[in-house]
>>> print(open('entry-v4.txt').read())   # compact mmCIF, C-alpha atoms
# COMPACT_ATOMS: atom_id res chain seq x y z
CA MET A 90 33.75 140.78 38.49
CA GLN A 91 34.23 138.87 41.70
CA THR A 92 36.55 135.90 41.20
CA PRO A 93 38.54 133.56 43.46
CA TRP A 94 41.38 136.12 43.20
CA GLY A 95 39.16 139.08 44.08
CA ASP A 96 37.78 141.64 41.66
CA LEU A 97 39.11 141.08 38.11
CA PRO A 98 38.01 142.25 34.65
CA VAL A 99 36.38 139.55 32.53
CA SER A 100 35.83 139.51 28.77
CA ASP A 101 34.23 136.67 26.81
CA ALA A 102 35.93 135.49 23.60
CA HIS A 103 33.02 133.32 22.45
CA VAL A 104 29.37 134.44 22.40
CA HIS A 105 26.98 133.43 19.62
CA PHE A 106 24.73 136.27 18.47
CA PHE A 107 21.48 134.41 17.75
CA SER A 108 19.71 137.23 15.92
CA HIS A 109 16.22 137.48 14.45
CA HIS A 110 17.73 136.93 11.00
CA PHE A 111 19.62 133.88 12.27
CA PHE A 112 16.31 132.27 13.28
CA THR A 113 14.70 133.39 10.02
CA LEU A 114 17.40 131.51 8.11
CA LEU A 115 16.83 128.40 10.26
CA ALA A 116 13.07 128.63 9.70
CA GLU A 117 13.71 128.74 5.95
CA GLN A 118 15.89 125.63 6.21
CA LYS A 119 13.14 123.89 8.18
CA LYS A 120 10.49 125.14 5.73
CA ALA A 121 8.42 126.29 8.69
CA PRO A 122 7.10 129.65 9.87
CA LEU A 123 9.38 131.60 12.16
CA SER A 124 6.65 131.64 14.81
CA SER A 125 6.87 127.84 15.11
CA LEU A 126 10.46 127.90 16.38
CA GLU A 127 9.92 129.41 19.83
CA PRO A 128 7.76 126.55 21.22
CA LEU A 129 10.15 123.98 19.74
CA LEU A 130 13.19 125.60 21.32
CA GLY A 131 11.74 126.92 24.57
CA TRP A 132 13.85 130.04 24.07
CA GLU A 133 12.96 133.70 23.78
CA MET A 134 12.89 134.90 20.19
CA PRO A 135 15.12 137.97 19.81
CA PRO A 136 13.84 141.39 18.73
CA GLU A 137 13.86 142.03 15.01
CA ASP A 138 16.33 144.91 15.38
CA PRO A 139 19.82 143.49 16.06
CA ALA A 140 20.73 146.68 17.91
CA ALA A 141 17.94 145.90 20.39
CA LEU A 142 19.33 142.39 20.87
CA ALA A 143 22.76 143.93 21.38
CA ALA A 144 21.27 146.14 24.09
CA ASN A 145 19.86 143.02 25.76
CA TRP A 146 23.34 141.51 25.73
CA VAL A 147 24.85 144.68 27.20
CA ARG A 148 22.38 144.54 30.08
CA GLU A 149 23.14 140.85 30.57
CA LEU A 150 26.91 141.38 30.56
CA ASP A 151 26.51 144.33 32.94
CA ARG A 152 24.47 142.13 35.28
CA HIS A 153 27.40 139.72 35.52
CA GLY A 154 30.20 142.27 35.36
CA VAL A 155 31.57 141.26 31.95
CA GLN A 156 33.40 144.07 30.19
CA ARG A 157 33.51 142.96 26.56
CA ALA A 158 32.49 140.04 24.37
CA ALA A 159 33.22 138.67 20.91
CA LEU A 160 29.89 138.21 19.11
CA ILE A 161 29.75 135.50 16.45
CA ALA A 162 27.35 135.67 13.51
CA SER A 163 26.47 132.00 13.59
CA LEU A 164 25.35 131.40 10.01
CA PRO A 165 26.85 132.67 6.77
CA GLY A 166 24.70 135.57 5.66
CA ASP A 167 24.07 137.02 9.12
CA ALA A 168 27.12 139.27 9.39
CA ALA A 169 24.92 142.37 9.15
CA SER A 170 23.33 141.53 12.51
CA VAL A 171 26.69 141.47 14.31
CA ILE A 172 27.86 144.55 12.44
CA ALA A 173 24.78 146.42 13.71
CA ALA A 174 25.52 145.27 17.27
CA VAL A 175 29.16 146.40 17.12
CA GLN A 176 28.23 149.74 15.58
CA GLU A 177 25.72 150.33 18.38
CA PHE A 178 28.16 149.34 21.16
CA PRO A 179 31.72 149.56 19.76
CA ASP A 180 33.25 149.65 23.25
CA ARG A 181 31.56 146.41 24.31
CA PHE A 182 31.69 144.05 21.35
CA TYR A 183 34.09 142.58 18.82
CA GLY A 184 32.40 141.30 15.68
CA TYR A 185 33.05 137.87 14.13
CA MET A 186 31.33 136.50 11.04
CA MET A 187 30.97 132.89 9.94
CA VAL A 188 32.16 132.36 6.38
CA ASN A 189 31.73 129.54 3.90
CA PRO A 190 34.61 129.81 1.43
CA LEU A 191 32.79 127.51 -1.00
CA ALA A 192 30.07 130.11 -1.54
CA PRO A 193 30.64 131.94 -4.84
CA ASP A 194 30.24 135.39 -3.27
CA ALA A 195 32.26 134.69 -0.10
CA ALA A 196 35.18 136.95 -1.00
CA THR A 197 32.90 139.86 -1.91
CA HIS A 198 31.05 139.65 1.41
CA VAL A 199 34.26 139.34 3.43
CA GLU A 200 35.96 142.22 1.67
CA ARG A 201 32.95 144.47 2.23
CA ALA A 202 32.57 143.45 5.88
CA LEU A 203 36.25 143.98 6.71
CA ALA A 204 36.26 147.36 4.98
CA GLY A 205 33.42 148.51 7.23
CA GLY A 206 35.56 148.16 10.35
CA SER A 207 33.01 146.35 12.54
CA ILE A 208 34.12 142.80 11.74
CA HIS A 209 37.23 141.78 13.66
CA GLY A 210 37.30 138.04 13.00
CA LEU A 211 36.42 135.46 10.36
CA CYS A 212 35.06 132.12 11.57
CA PHE A 213 35.73 128.98 9.56
CA PHE A 214 33.86 125.71 10.18
CA PRO A 215 35.53 123.25 7.79
CA ALA A 216 33.61 120.17 8.99
CA MET A 217 30.29 122.01 8.78
CA HIS A 218 30.78 123.15 5.19
CA CYS A 219 32.92 120.20 4.07
CA TYR A 220 36.17 121.74 2.90
CA SER A 221 39.84 121.63 3.81
CA ILE A 222 41.29 124.66 5.58
CA GLN A 223 44.10 124.32 3.00
CA ASP A 224 41.68 124.84 0.09
CA GLU A 225 42.65 127.63 -2.29
CA ARG A 226 39.24 129.24 -1.76
CA VAL A 227 40.13 129.61 1.92
CA ARG A 228 43.39 131.22 0.94
CA VAL A 229 41.55 133.99 -0.89
CA LEU A 230 39.73 134.92 2.32
CA LEU A 231 42.88 134.63 4.43
CA ASP A 232 44.64 137.04 2.06
CA LEU A 233 41.86 139.55 2.67
CA ALA A 234 42.15 139.09 6.43
CA ALA A 235 45.94 139.35 6.35
CA ALA A 236 45.64 142.69 4.56
CA LYS A 237 43.51 144.00 7.45
CA PRO A 238 45.78 144.14 10.53
CA ARG A 239 44.49 142.58 13.77
CA THR A 240 41.80 140.51 12.04
CA ILE A 241 41.70 137.13 13.74
CA ILE A 242 40.92 133.78 12.13
CA PHE A 243 38.74 131.43 14.18
CA VAL A 244 38.86 127.80 13.01
CA HIS A 245 36.49 125.27 14.57
CA CYS A 246 38.14 121.87 14.93
CA GLY A 247 37.12 118.59 16.51
CA VAL A 248 33.61 117.50 17.46
CA LEU A 249 30.90 119.76 16.08
CA SER A 250 27.38 119.52 17.46
CA VAL A 251 24.97 122.43 17.02
CA GLY A 252 22.29 122.24 19.69
CA VAL A 253 19.79 124.55 17.98
CA ARG A 254 19.77 122.34 14.89
CA LYS A 255 19.14 119.25 17.00
CA LYS A 256 16.23 120.91 18.77
CA LEU A 257 14.70 121.92 15.45
CA GLY A 258 15.24 118.52 13.86
CA LEU A 259 17.48 119.97 11.15
CA PRO A 260 20.06 117.69 9.53
CA SER A 261 23.74 118.30 10.23
CA PRO A 262 25.64 116.63 7.38
CA TYR A 263 29.09 117.49 8.70
CA ASP A 264 32.34 115.78 7.76
CA MET A 265 34.89 115.32 10.54
CA ARG A 266 37.64 114.54 8.04
CA PHE A 267 38.11 118.30 7.89
CA SER A 268 38.24 118.92 11.64
CA ASN A 269 41.85 118.14 12.60
CA PRO A 270 43.92 121.09 13.89
CA ILE A 271 46.99 119.62 12.19
CA ASP A 272 45.48 120.71 8.87
CA LEU A 273 46.00 124.29 10.04
CA HIS A 274 49.77 123.88 10.50
CA ALA A 275 50.92 124.87 7.01
CA VAL A 276 48.30 127.62 6.86
CA ALA A 277 49.39 129.22 10.13
CA LEU A 278 53.00 129.11 8.99
CA ARG A 279 52.04 130.78 5.71
CA TYR A 280 50.42 133.68 7.58
CA PRO A 281 52.71 134.36 10.58
CA GLN A 282 51.25 137.86 11.04
CA VAL A 283 47.70 136.50 11.48
CA ARG A 284 46.39 135.19 14.82
CA PHE A 285 44.46 131.92 14.58
CA VAL A 286 42.07 130.84 17.34
CA ILE A 287 40.97 127.25 17.92
CA PRO A 288 37.90 127.09 20.19
CA HIS A 289 37.14 124.52 22.90
CA PHE A 290 40.84 123.50 23.23
CA GLY A 291 40.40 121.63 19.92
CA ALA A 292 37.14 119.88 20.95
CA GLY A 293 38.57 116.38 21.17
CA TYR A 294 41.77 117.06 19.28
CA PHE A 295 43.47 118.48 22.37
CA ARG A 296 46.81 116.79 21.71
CA GLU A 297 46.83 117.98 18.12
CA ALA A 298 45.84 121.51 19.14
CA LEU A 299 48.74 121.59 21.61
CA MET A 300 51.14 120.32 18.94
CA LEU A 301 49.97 123.11 16.65
CA CYS A 302 50.41 125.73 19.38
CA ASP A 303 53.90 124.44 20.06
CA LEU A 304 54.87 124.78 16.40
CA CYS A 305 53.04 128.02 15.60
CA PRO A 306 53.28 130.98 18.00
CA ASN A 307 50.37 132.68 16.20
CA VAL A 308 47.86 129.98 17.24
CA TYR A 309 45.67 130.61 20.31
CA LEU A 310 43.18 128.44 22.19
CA ASP A 311 39.78 129.53 23.40
CA THR A 312 38.52 127.78 26.52
CA SER A 313 34.80 128.01 25.78
CA SER A 314 31.92 125.61 26.46
CA SER A 315 31.54 122.82 28.97
CA ASN A 316 34.42 121.02 27.20
CA SER A 317 32.51 117.75 27.33
CA TRP A 318 34.97 116.40 24.75
CA THR A 319 37.17 115.46 27.71
CA ARG A 320 35.15 112.26 28.07
CA TYR A 321 36.71 110.99 24.84
CA GLU A 322 40.17 110.96 26.41
CA GLU A 323 41.62 107.60 27.45
CA ALA A 324 42.41 108.98 30.90
CA HIS A 325 39.33 111.13 31.54
CA LEU A 326 40.59 114.69 31.78
CA ASP A 327 39.23 117.29 34.13
CA LEU A 328 39.46 121.02 33.53
CA ARG A 329 42.41 121.37 35.88
CA THR A 330 44.48 118.94 33.80
CA VAL A 331 43.37 120.60 30.56
CA PHE A 332 44.47 124.00 31.82
CA ARG A 333 47.76 122.67 33.20
CA ARG A 334 48.69 121.14 29.84
CA ALA A 335 47.54 124.16 27.84
CA LEU A 336 49.51 126.51 30.08
CA ASP A 337 52.58 124.30 29.80
CA VAL A 338 52.53 124.26 25.99
CA ALA A 339 50.77 127.43 24.81
CA GLY A 340 51.44 129.65 27.81
CA HIS A 341 48.94 131.88 29.55
CA HIS A 342 49.23 134.64 26.93
CA ARG A 343 47.62 132.41 24.27
CA LEU A 344 44.57 131.29 26.23
CA LEU A 345 41.30 133.18 25.69
CA PHE A 346 38.48 132.67 28.16
CA GLY A 347 35.07 132.07 26.58
CA THR A 348 31.69 130.65 27.51
CA ASP A 349 29.92 129.73 24.23
CA SER A 350 26.84 131.64 25.45
CA SER A 351 24.08 132.03 22.87
CA PHE A 352 20.39 132.33 23.74
CA PHE A 353 17.93 133.91 26.13
CA PRO A 354 16.56 133.48 28.75
CA ARG A 355 19.74 131.66 29.83
CA GLY A 356 21.87 134.59 28.66
CA TRP A 357 25.49 134.67 29.75
CA HIS A 358 26.59 131.18 30.83
CA ALA A 359 27.95 132.02 34.28
CA ALA A 360 28.39 128.35 35.23
CA ILE A 361 31.09 128.00 32.56
CA PHE A 362 32.98 130.94 34.03
CA GLU A 363 32.67 129.59 37.56
CA ALA A 364 33.96 126.13 36.59
CA GLN A 365 36.93 127.52 34.67
CA ALA A 366 37.86 130.10 37.29
CA LYS A 367 37.71 127.40 39.95
CA ALA A 368 39.97 125.08 37.92
CA LEU A 369 42.53 127.84 37.32
CA TYR A 370 42.54 128.82 40.98
CA GLU A 371 42.94 125.22 42.14
CA ILE A 372 46.05 124.67 39.97
CA GLY A 373 47.69 127.73 41.50
CA VAL A 374 47.35 130.28 38.73
CA THR A 375 48.10 133.77 40.06
CA GLY A 376 45.69 136.64 39.91
CA GLU A 377 47.80 138.43 37.30
CA ILE A 378 47.84 135.41 34.98
CA ALA A 379 44.12 134.84 35.59
CA ARG A 380 43.45 138.44 34.56
CA GLN A 381 45.24 137.90 31.26
CA ILE A 382 43.36 134.68 30.47
CA LEU A 383 39.98 136.05 31.57
CA SER A 384 40.22 139.42 29.82
CA ASP A 385 43.49 141.02 28.82
CA ASN A 386 44.53 138.51 26.15
CA LEU A 387 41.33 139.05 24.18
CA GLN A 388 41.53 142.83 24.39
CA ARG A 389 45.21 142.76 23.43
CA MET A 390 44.31 140.95 20.20
CA PHE A 391 42.61 144.07 18.92
CA SER A 392 44.62 146.86 20.52
>>> encode(input="entry-v4.txt", output="structure tokens")
Amino acid sequence: MQTPWGDLPVSDAHVHFFSHHFFTLLAEQKKAPLSSLEPLLGWEMPPEDPAALAANWVRELDRHGVQRAALIASLPGDAASVIAAVQEFPDRFYGYMMVNPLAPDAATHVERALAGGSIHGLCFFPAMHCYSIQDERVRVLLDLAAAKPRTIIFVHCGVLSVGVRKKLGLPSPYDMRFSNPIDLHAVALRYPQVRFVIPHFGAGYFREALMLCDLCPNVYLDTSSSNSWTRYEEAHLDLRTVFRRALDVAGHHRLLFGTDSSFFPRGWHAAIFEAQAKALYEIGVTGEIARQILSDNLQRMFS
């Protein structure tokens, strides 16, 4: 892809795979027919076959020059959609599944998904499902992940706002008591062989995310989204300052570029890439370091 440094490979560590089944689950929560969602959202409804949606994403990534992407199953119970996408295009996608450790069958589903080889990451949303990342039920799932080398653990921290739920008028009874990256400290130390990823630079808990990175070399930051959480900072941060501080504490090898792309017709969120590439270039990051942040670090996680 063309970047401020010239042609560089780009891979996206954070793409939500909004499948047909994902919208079916939302329609069930809304107690409304699936057909009613499209006019409410103003989005294209995906094809029923997740492999067809995966093909749409491949064409979209090709259009922008993106080599690979991590696809996130964005509700518990939709892992099969991402698995189908990864099986159809194993050289283009890494598969992540959202898990709710409070669900009675969570361990069974995770064990089966990891055994299949198409799930590469487990995504935990403690504030969404109202549990502590230190809960023993989480530990059961982490043990399964630790037994499968190169499985990453994605832990959403900080502010959590799900746009699709807002558009559909669905309640979001989240609990931010469970969203502090510091809660992950003892867990990351307990599993030094496991890589943990905190998206959005901690989404408002930037200082705490940096503290955690400083103490735990197996904790990574993903750079995804518009990072609008910066407006909560006492001295309003811009992306250049965020990247400077993250590079100073975590180092370039633990930063994973991502966009938080999700739906069509918008597709891949190129504006996020452009803003982040511009910020990195303006603070003097070299082309070699940019290449690692924009692509190589993600691919190295699974090689």
>>> closest_residue(input="entry-v4.txt", among="A:Met90, A:Ser351, A:Leu97, A:Leu129", to="A:Gln381", atoms="all atoms listed in the file")
A:Leu97
>>> closest_residue(input="entry-v4.txt", among="A:Pro306, A:Pro135, A:Gly376, A:Pro98", to="A:His342", atoms="only C-alpha atoms")
A:Pro306
>>> residues_around(input="entry-v4.txt", residues="A:Pro165", least_positions_apart="3", cutoff="12 Å", atoms="all atoms listed in the file", output="PyMOL selection string")
chain A and resi 110-111+114-115+161-162+168-171+185-192+194-195+198-199+211-214+217-218
>>> write_last_selection(input="entry-v4.txt", atoms="C-alpha atoms", output="CSV table (one decimal), keeping the file's coordinate frame")
chain,number,residue,atom,x,y,z
A,110,HIS,CA,17.7,136.9,11.0
A,111,PHE,CA,19.6,133.9,12.3
A,114,LEU,CA,17.4,131.5,8.1
A,115,LEU,CA,16.8,128.4,10.3
A,161,ILE,CA,29.8,135.5,16.4
A,162,ALA,CA,27.4,135.7,13.5
A,168,ALA,CA,27.1,139.3,9.4
A,169,ALA,CA,24.9,142.4,9.2
A,170,SER,CA,23.3,141.5,12.5
A,171,VAL,CA,26.7,141.5,14.3
A,185,TYR,CA,33.0,137.9,14.1
A,186,MET,CA,31.3,136.5,11.0
A,187,MET,CA,31.0,132.9,9.9
A,188,VAL,CA,32.2,132.4,6.4
A,189,ASN,CA,31.7,129.5,3.9
A,190,PRO,CA,34.6,129.8,1.4
A,191,LEU,CA,32.8,127.5,-1.0
A,192,ALA,CA,30.1,130.1,-1.5
A,194,ASP,CA,30.2,135.4,-3.3
A,195,ALA,CA,32.3,134.7,-0.1
A,198,HIS,CA,31.0,139.6,1.4
A,199,VAL,CA,34.3,139.3,3.4
A,211,LEU,CA,36.4,135.5,10.4
A,212,CYS,CA,35.1,132.1,11.6
A,213,PHE,CA,35.7,129.0,9.6
A,214,PHE,CA,33.9,125.7,10.2
A,217,MET,CA,30.3,122.0,8.8
A,218,HIS,CA,30.8,123.2,5.2
>>> atom_distance(input="entry-v4.txt", atom1="atom CA of A:Leu387", atom2="atom CA of A:Glu177")
20.1 Å
>>> residues_around(input="entry-v4.txt", residues="A:Val308", least_positions_apart="6", cutoff="9 Å", atoms="only C-alpha atoms", output="compact mmCIF listing (two decimals) with C-alpha atoms, in the frame of the given file")
# COMPACT_ATOMS: atom_id res chain seq x y z
CA ALA A 277 49.39 129.22 10.13
CA VAL A 283 47.70 136.50 11.48
CA ARG A 284 46.39 135.19 14.82
CA PHE A 285 44.46 131.92 14.58
CA VAL A 286 42.07 130.84 17.34
CA ILE A 287 40.97 127.25 17.92
CA ALA A 298 45.84 121.51 19.14
CA LEU A 301 49.97 123.11 16.65
CA CYS A 302 50.41 125.73 19.38
CA ALA A 339 50.77 127.43 24.81
CA ARG A 343 47.62 132.41 24.27
